[in-house]
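Engineer: Hey, dropping coords.pdb in here, PDB, C-alpha atoms, pLDDT in the B column:
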MODEL        1
ATOM      1  CA  MET A   1      43.915  35.943 225.534  1.00 74.00           C
ATOM      2  CA  GLU A   2      42.897  39.477 224.601  1.00 85.00           C
ATOM      3  CA  LEU A   3      40.497  39.670 227.545  1.00 90.00           C
ATOM      4  CA  LEU A   4      43.162  38.361 229.905  1.00 87.00           C
ATOM      5  CA  ARG A   5      45.620  40.957 228.557  1.00 88.00           C
ATOM      6  CA  ARG A   6      43.106  43.727 229.222  1.00 92.00           C
ATOM      7  CA  LEU A   7      42.607  42.450 232.761  1.00 92.00           C
ATOM      8  CA  GLY A   8      46.380  42.497 233.238  1.00 91.00           C
ATOM      9  CA  VAL A   9      46.713  38.822 234.136  1.00 91.00           C
ATOM     10  CA  ASP A  10      48.360  37.609 230.907  1.00 87.00           C
ATOM     11  CA  PRO A  11      51.985  37.801 232.174  1.00 87.00           C
ATOM     12  CA  GLU A  12      51.178  35.532 235.131  1.00 88.00           C
ATOM     13  CA  LEU A  13      49.246  33.072 232.959  1.00 86.00           C
ATOM     14  CA  ARG A  14      52.084  32.929 230.446  1.00 81.00           C
ATOM     15  CA  ARG A  15      54.544  32.327 233.297  1.00 83.00           C
ATOM     16  CA  VAL A  16      52.633  29.325 234.689  1.00 86.00           C
ATOM     17  CA  GLY A  17      51.355  28.005 231.346  1.00 83.00           C
ATOM     18  CA  VAL A  18      53.035  25.749 228.816  1.00 81.00           C
ATOM     19  CA  ALA A  19      56.808  26.253 228.768  1.00 85.00           C
ATOM     20  CA  PRO A  20      57.885  28.373 225.760  1.00 86.00           C
ATOM     21  CA  GLN A  21      60.097  25.636 224.291  1.00 90.00           C
ATOM     22  CA  HIS A  22      57.217  23.140 223.856  1.00 89.00           C
ATOM     23  CA  SER A  23      55.412  23.008 220.513  1.00 88.00           C
ATOM     24  CA  PHE A  24      51.657  23.320 220.208  1.00 88.00           C
ATOM     25  CA  ASP A  25      51.198  20.417 217.782  1.00 91.00           C
ATOM     26  CA  VAL A  26      47.672  19.050 217.472  1.00 92.00           C
ATOM     27  CA  ILE A  27      47.544  15.284 216.979  1.00 93.00           C
ATOM     28  CA  PHE A  28      44.532  13.585 215.434  1.00 95.00           C
ATOM     29  CA  ALA A  29      44.062   9.977 216.570  1.00 95.00           C
ATOM     30  CA  PRO A  30      41.084   7.671 217.179  1.00 95.00           C
ATOM     31  CA  GLY A  31      42.031   7.381 220.857  1.00 93.00           C
ATOM     32  CA  LEU A  32      44.814   8.009 223.338  1.00 90.00           C
ATOM     33  CA  ASP A  33      46.384   4.663 222.454  1.00 91.00           C
ATOM     34  CA  GLY A  34      45.401   4.738 218.771  1.00 87.00           C
ATOM     35  CA  PRO A  35      47.674   5.453 215.828  1.00 94.00           C
ATOM     36  CA  GLU A  36      48.361   9.031 214.788  1.00 94.00           C
ATOM     37  CA  VAL A  37      46.132   9.859 211.806  1.00 95.00           C
ATOM     38  CA  ALA A  38      47.338  13.408 211.199  1.00 96.00           C
ATOM     39  CA  ARG A  39      49.342  16.142 212.871  1.00 95.00           C
ATOM     40  CA  TRP A  40      48.920  19.908 212.729  1.00 94.00           C
ATOM     41  CA  SER A  41      52.379  21.225 213.531  1.00 93.00           C
ATOM     42  CA  LEU A  42      52.416  24.554 215.329  1.00 92.00           C
ATOM     43  CA  PRO A  43      55.610  26.260 216.495  1.00 92.00           C
ATOM     44  CA  SER A  44      56.581  26.746 220.097  1.00 91.00           C
ATOM     45  CA  VAL A  45      56.624  30.248 221.545  1.00 87.00           C
ATOM     46  CA  ASP A  46      60.441  30.253 221.310  1.00 91.00           C
ATOM     47  CA  GLU A  47      60.337  29.209 217.634  1.00 92.00           C
ATOM     48  CA  GLN A  48      57.716  31.846 216.835  1.00 90.00           C
ATOM     49  CA  ARG A  49      59.740  34.559 218.571  1.00 88.00           C
ATOM     50  CA  ALA A  50      62.849  33.534 216.621  1.00 90.00           C
ATOM     51  CA  THR A  51      60.872  33.752 213.373  1.00 89.00           C
ATOM     52  CA  LEU A  52      59.549  37.193 214.274  1.00 88.00           C
ATOM     53  CA  ARG A  53      63.053  38.428 215.131  1.00 86.00           C
ATOM     54  CA  GLY A  54      64.035  37.619 211.556  1.00 82.00           C
ATOM     55  CA  GLU A  55      61.201  39.673 210.083  1.00 77.00           C
ATOM     56  CA  PRO A  56      61.933  43.136 208.620  1.00 78.00           C
ATOM     57  CA  ASP A  57      59.843  44.807 211.324  1.00 68.00           C
ATOM     58  CA  GLY A  58      62.063  43.299 214.023  1.00 57.00           C
ATOM     59  CA  PRO A  59      61.086  41.918 217.425  1.00 59.00           C
ATOM     60  CA  GLY A  60      58.520  44.614 218.210  1.00 59.00           C
ATOM     61  CA  ARG A  61      55.290  43.768 219.944  1.00 58.00           C
ATOM     62  CA  VAL A  62      52.691  41.743 218.106  1.00 57.00           C
ATOM     63  CA  SER A  63      49.936  43.972 216.790  1.00 55.00           C
ATOM     64  CA  HIS A  64      46.379  43.608 218.034  1.00 53.00           C
ATOM     65  CA  GLY A  65      43.120  44.298 216.222  1.00 52.00           C
ATOM     66  CA  ASN A  66      43.004  47.876 217.498  1.00 51.00           C
ATOM     67  CA  ASP A  67      46.299  48.644 215.730  1.00 49.00           C
ATOM     68  CA  ALA A  68      44.839  47.744 212.328  1.00 49.00           C
ATOM     69  CA  ARG A  69      42.001  50.222 212.838  1.00 47.00           C
ATOM     70  CA  LYS A  70      44.459  52.950 213.842  1.00 48.00           C
ATOM     71  CA  ARG A  71      46.506  52.351 210.673  1.00 49.00           C
ATOM     72  CA  SER A  72      43.448  52.416 208.427  1.00 49.00           C
ATOM     73  CA  SER A  73      42.177  55.647 210.009  1.00 48.00           C
ATOM     74  CA  LYS A  74      45.560  57.326 209.374  1.00 51.00           C
ATOM     75  CA  ARG A  75      45.227  56.592 205.653  1.00 50.00           C
ATOM     76  CA  SER A  76      41.903  58.441 205.453  1.00 45.00           C
TER
ENDMDL
END
So, in terms of structure tokens, how does the structure I just supplied come out?

Structural biologist:
Amino acid sequence: MELLRRLGVDPELRRVGVAPQHSFDVIFAPGLDGPEVARWSLPSVDEQRATLRGEPDGPGRVSHGNDARKRSSKRS
């Protein structure tokens, strides 16, 4: 997604991608009609945004790898 963000196409891809209310659960099963063996539950975009709004830092933008380097260089 980072590459797509740099190319400036991420807003359009997010718009036409999976709707933000749908979860991103990963289901492990022996086949499409087989029983569910395990589930990796991942929040939907809406749920993740709600969680982030409750964080002390507020609903600011999600930091990217470059931000971590900027913070560490300020400490030097």

Engineer: Considering only C-alpha atoms, can you say which of A:Leu52, A:Val9, A:Ala38, A:Leu3 comes closest to Asp25 (chain A)?

Structural biologist: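 Distance minimum relative to Asp25 (chain A) lands on A:Ala38.
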
Engineer: Kindly list the centre and edge lengths in Å, rounded to one decimal, for the axis-aligned box that covers all listed atoms of region 17-25 of chain A plus 4 Å on each of its six sides, as lines of an AutoDock Vina configuration file.

Structural biologist:
center_x = 55.6
center_y = 24.4
center_z = 224.6
size_x = 16.9
size_y = 16.0
size_z = 21.6

Engineer: Could you tell me which residues the PyMOL selection byres ((chain A and resi 17-24) around 12) grabs in this file, written as a VMD selection string?

Structural biologist: chain A and resid 10 to 16 25 to 27 39 to 50

Engineer: Distance CA of Glu36 (chain A)-CA of Thr51 (chain A), one decimal place?

Structural biologist: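 CA of Glu36 (chain A) sits 27.7 Å away from CA of Thr51 (chain A).
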
Engineer: Can you tell me which residues surround Val37 (chain A) at a distance of at most 7 Å, considering all atoms listed in the file, apart from same-chain residues fewer than 2 positions away, and format the answer as a PyMOL selection string?

Structural biologist: chain A and resi 28-29+35

Engineer: Take region 9-37 of chain A, model N, CA and C atoms, and hand the result over as a tab-separated table (two decimals), keeping the file's coordinate frame.

Structural biologist:
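Okay, selection.tsv is ready:
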chain	number	residue	atom	x	y	z
A	9	VAL	N	46.27	40.09	233.55
A	9	VAL	CA	46.71	38.82	234.14
A	9	VAL	C	47.49	37.95	233.14
A	10	ASP	N	47.68	38.43	231.91
A	10	ASP	CA	48.36	37.61	230.91
A	10	ASP	C	49.81	37.29	231.26
A	11	PRO	N	50.60	38.19	231.85
A	11	PRO	CA	51.98	37.80	232.17
A	11	PRO	C	52.05	36.62	233.15
A	12	GLU	N	51.18	36.62	234.15
A	12	GLU	CA	51.18	35.53	235.13
A	12	GLU	C	50.73	34.22	234.48
A	13	LEU	N	49.72	34.28	233.64
A	13	LEU	CA	49.25	33.07	232.96
A	13	LEU	C	50.31	32.52	232.02
A	14	ARG	N	51.01	33.39	231.32
A	14	ARG	CA	52.08	32.93	230.45
A	14	ARG	C	53.21	32.29	231.26
A	15	ARG	N	53.47	32.83	232.45
A	15	ARG	CA	54.54	32.33	233.30
A	15	ARG	C	54.24	30.91	233.78
A	16	VAL	N	52.99	30.63	234.14
A	16	VAL	CA	52.63	29.32	234.69
A	16	VAL	C	52.06	28.37	233.64
A	17	GLY	N	51.92	28.84	232.40
A	17	GLY	CA	51.36	28.00	231.35
A	17	GLY	C	52.38	27.06	230.75
A	18	VAL	N	52.14	26.66	229.53
A	18	VAL	CA	53.04	25.75	228.82
A	18	VAL	C	54.39	26.43	228.63
A	19	ALA	N	55.46	25.71	228.91
A	19	ALA	CA	56.81	26.25	228.77
A	19	ALA	C	57.04	26.70	227.32
A	20	PRO	N	57.74	27.80	227.11
A	20	PRO	CA	57.88	28.37	225.76
A	20	PRO	C	58.64	27.50	224.77
A	21	GLN	N	59.36	26.49	225.23
A	21	GLN	CA	60.10	25.64	224.29
A	21	GLN	C	59.25	24.48	223.75
A	22	HIS	N	58.08	24.25	224.31
A	22	HIS	CA	57.22	23.14	223.86
A	22	HIS	C	56.35	23.57	222.68
A	23	SER	N	56.24	22.70	221.68
A	23	SER	CA	55.41	23.01	220.51
A	23	SER	C	53.93	22.89	220.88
A	24	PHE	N	53.10	23.38	220.01
A	24	PHE	CA	51.66	23.32	220.21
A	24	PHE	C	51.01	22.42	219.16
A	25	ASP	N	51.71	21.34	218.78
A	25	ASP	CA	51.20	20.42	217.78
A	25	ASP	C	49.85	19.85	218.22
A	26	VAL	N	48.97	19.68	217.24
A	26	VAL	CA	47.67	19.05	217.47
A	26	VAL	C	47.72	17.70	216.77
A	27	ILE	N	47.47	16.64	217.52
A	27	ILE	CA	47.54	15.28	216.98
A	27	ILE	C	46.13	14.72	216.86
A	28	PHE	N	45.83	14.21	215.68
A	28	PHE	CA	44.53	13.58	215.43
A	28	PHE	C	44.72	12.08	215.50
A	29	ALA	N	43.97	11.42	216.38
A	29	ALA	CA	44.06	9.98	216.57
A	29	ALA	C	42.69	9.47	217.03
A	30	PRO	N	42.38	8.22	216.76
A	30	PRO	CA	41.08	7.67	217.18
A	30	PRO	C	40.97	7.48	218.69
A	31	GLY	N	42.05	7.51	219.40
A	31	GLY	CA	42.03	7.38	220.86
A	31	GLY	C	43.41	7.67	221.40
A	32	LEU	N	43.53	7.72	222.72
A	32	LEU	CA	44.81	8.01	223.34
A	32	LEU	C	45.87	6.95	223.00
A	33	ASP	N	45.44	5.72	222.79
A	33	ASP	CA	46.38	4.66	222.45
A	33	ASP	C	46.34	4.29	220.97
A	34	GLY	N	45.55	5.04	220.19
A	34	GLY	CA	45.40	4.74	218.77
A	34	GLY	C	46.53	5.33	217.95
A	35	PRO	N	46.62	4.93	216.69
A	35	PRO	CA	47.67	5.45	215.83
A	35	PRO	C	47.41	6.91	215.45
A	36	GLU	N	48.47	7.63	215.21
A	36	GLU	CA	48.36	9.03	214.79
A	36	GLU	C	47.84	9.05	213.36
A	37	VAL	N	46.73	9.75	213.13
A	37	VAL	CA	46.13	9.86	211.81
A	37	VAL	C	46.70	11.07	211.07
